[in-house]
Amino acid sequence: KFETLKSQINPHFLFNSLNSISSLTMSDAEKARNMIIKLSELLRYSLKKDSESMTTLESELQHLKLYTDIEKIRFGERLHFESNTPEECMDAKLPFLILQPLIENAIKHGVYSTEKACTVELRTVCSPHALEIFVENSYDAEGRTSSGTKTGISNIKDRMKLIYNDDSLCKFRDDGENYLVHLRFTQS
């Protein structure tokens, strides 16, 4: 299942990133070079572990920074990514590559739905027993398309159930202007 997830997300993202790099080579060679370096670091990280691996929140956030930096080059001022993570949460454990599909989904359904700026926010709360992550994105309900397959969200729910054997750790809320995903990772 994890290999399927990687093969569904990475080629789509890779294709879009390479197209952006191609365009940038003519208009801004330095941005294109920067994007290639970030893309190579991102892909190196994506390939280094397997589906059963756990990692730290700090490691996942470093990965997300590479990802969102690339997306910011693509979307410019239309994408605002905010991360609010207390330092005491950085060593918390979570499944490897569980957050990128959420951020990718938030960008896809937020930025693609409007010509205005879209905010994607990641908030983190932790205790000795749990790490909770909230990913919220704004979107334009009138510009939103229903073309998504919901595969990314389904894969996350399936991984959470497989790893933690609990259906209640992955919740979603849509109020017509903002979409919120709430993940809870038990800590041992």
# chains A, B, ... in the order shown; residues from 1 in each chain; ligands from 1
call {"tool": "residues_around", "arguments": {"residues": "stretch 60-69 of chain A", "least_positions_apart": "6", "cutoff": "8 Å", "atoms": "only C-alpha atoms", "output": "PyMOL selection string"}}
result
chain A and resi 38-39+41-42+45+81+96-97+99-100
call {"tool": "write_last_selection", "arguments": {"atoms": "N, CA, C and O atoms", "output": "compact mmCIF listing (two decimals), in the first residue's frame"}}
result
# COMPACT_ATOMS: atom_id res chain seq x y z
N LYS A 38 16.41 21.47 -4.31
CA LYS A 38 15.38 21.10 -3.34
C LYS A 38 14.66 19.82 -3.78
O LYS A 38 14.37 18.95 -2.95
N LEU A 39 14.38 19.71 -5.06
CA LEU A 39 13.71 18.52 -5.57
C LEU A 39 14.57 17.28 -5.36
O LEU A 39 14.07 16.23 -4.95
N GLU A 41 16.87 16.80 -3.02
CA GLU A 41 16.87 16.49 -1.58
C GLU A 41 15.55 15.85 -1.17
O GLU A 41 15.53 14.90 -0.38
N LEU A 42 14.46 16.37 -1.69
CA LEU A 42 13.14 15.84 -1.37
C LEU A 42 13.00 14.40 -1.84
O LEU A 42 12.53 13.53 -1.09
N TYR A 45 15.05 11.95 0.32
CA TYR A 45 14.36 11.67 1.58
C TYR A 45 13.21 10.69 1.35
O TYR A 45 13.03 9.74 2.10
N PHE A 81 2.20 29.12 3.25
CA PHE A 81 2.28 27.95 4.13
C PHE A 81 2.76 28.42 5.49
O PHE A 81 3.77 29.11 5.60
N PHE A 96 6.52 7.65 8.67
CA PHE A 96 7.29 8.28 7.60
C PHE A 96 6.39 8.68 6.44
O PHE A 96 5.54 7.91 6.00
N LEU A 97 6.55 9.90 5.95
CA LEU A 97 5.83 10.45 4.79
C LEU A 97 4.31 10.47 4.94
O LEU A 97 3.59 10.35 3.96
N LEU A 99 2.69 13.15 6.26
CA LEU A 99 2.22 14.53 6.16
C LEU A 99 2.22 15.11 4.74
O LEU A 99 1.37 15.92 4.41
N GLN A 100 3.17 14.69 3.91
CA GLN A 100 3.23 15.28 2.57
C GLN A 100 1.94 15.12 1.78
O GLN A 100 1.49 16.09 1.16
call {"tool": "residues_around", "arguments": {"residues": "stretch 109-121 of chain A", "least_positions_apart": "3", "cutoff": "7 Å", "atoms": "only C-alpha atoms", "output": "list in words"}}
result
Glu77, Arg78, Leu79, His80, Phe81, Glu82, Ser83, Asn105, Ala106, Val135, Glu136, Asn137, Ser138, Tyr139, Asp140, Gly143, Arg144 and Thr145 of chain A
call {"tool": "residues_around", "arguments": {"residues": "A:Met160", "least_positions_apart": "6", "cutoff": "12 Å", "atoms": "only C-alpha atoms", "output": "NGL selection string"}}
result
:A and (1-2 or 51-52 or 94-99 or 153-154 or 166-171 or 182-186)
call {"tool": "select_by_dssp", "arguments": {"residues": "chain A", "states": "helix (DSSP H, G or I)", "output": "ChimeraX atom specification"}}
result
/A:2-27,29-46,57-78,87-89,100-111,151-164,167-169
call {"tool": "atom_distance", "arguments": {"atom1": "atom CA of A:Thr85", "atom2": "atom CA of A:Thr56"}}
result
12.7 Å
call {"tool": "residues_around", "arguments": {"residues": "A:Cys126", "least_positions_apart": "3", "cutoff": "8 Å", "atoms": "only C-alpha atoms", "output": "number ranges by chain"}}
result
A: 88-89, 92, 129-132
call {"tool": "write_last_selection", "arguments": {"atoms": "N, CA, C and O atoms", "output": "mmCIF file, in the first residue's frame"}}
result
data_model
loop_
_atom_site.group_PDB
_atom_site.id
_atom_site.type_symbol
_atom_site.label_atom_id
_atom_site.label_comp_id
_atom_site.auth_asym_id
_atom_site.auth_seq_id
_atom_site.Cartn_x
_atom_site.Cartn_y
_atom_site.Cartn_z
ATOM 1 N N GLU A 88 9.017 21.458 21.788
ATOM 2 C CA GLU A 88 8.904 20.214 22.567
ATOM 3 C C GLU A 88 8.235 19.077 21.781
ATOM 4 O O GLU A 88 8.273 17.922 22.206
ATOM 5 N N CYS A 89 7.665 19.377 20.645
ATOM 6 C CA CYS A 89 7.020 18.335 19.820
ATOM 7 C C CYS A 89 7.964 17.716 18.792
ATOM 8 O O CYS A 89 7.630 16.700 18.172
ATOM 9 N N ALA A 92 8.698 13.920 18.702
ATOM 10 C CA ALA A 92 7.551 13.009 18.655
ATOM 11 C C ALA A 92 7.641 12.132 17.402
ATOM 12 O O ALA A 92 8.154 12.556 16.363
ATOM 13 N N HIS A 129 1.791 11.467 25.676
ATOM 14 C CA HIS A 129 1.044 10.322 25.148
ATOM 15 C C HIS A 129 0.563 10.478 23.716
ATOM 16 O O HIS A 129 0.140 9.498 23.104
ATOM 17 N N ALA A 130 0.597 11.711 23.175
ATOM 18 C CA ALA A 130 0.048 11.901 21.832
ATOM 19 C C ALA A 130 0.652 13.115 21.130
ATOM 20 O O ALA A 130 1.011 14.104 21.769
ATOM 21 N N LEU A 131 0.746 12.982 19.829
ATOM 22 C CA LEU A 131 1.088 14.083 18.936
ATOM 23 C C LEU A 131 -0.149 14.321 18.086
ATOM 24 O O LEU A 131 -0.668 13.390 17.468
ATOM 25 N N GLU A 132 -0.636 15.560 18.081
ATOM 26 C CA GLU A 132 -1.795 15.888 17.259
ATOM 27 C C GLU A 132 -1.380 16.917 16.222
ATOM 28 O O GLU A 132 -0.720 17.900 16.534
#
call {"tool": "closest_residue", "arguments": {"among": "A:Ser23, A:Asn84, A:Gln187, A:Ser53", "to": "A:Ile133", "atoms": "only C-alpha atoms"}}
result
A:Asn84
call {"tool": "atom_distance", "arguments": {"atom1": "atom CA of A:Leu57", "atom2": "atom CA of A:Lys72"}}
result
21.5 Å
call {"tool": "residues_around", "arguments": {"residues": "stretch 17-20 of chain A", "least_positions_apart": "2", "cutoff": "9 Å", "atoms": "only C-alpha atoms", "output": "count of residues only"}}
result
16
call {"tool": "atom_distance", "arguments": {"atom1": "atom CA of A:Tyr164", "atom2": "atom CA of A:Ser127"}}
result
17.4 Å
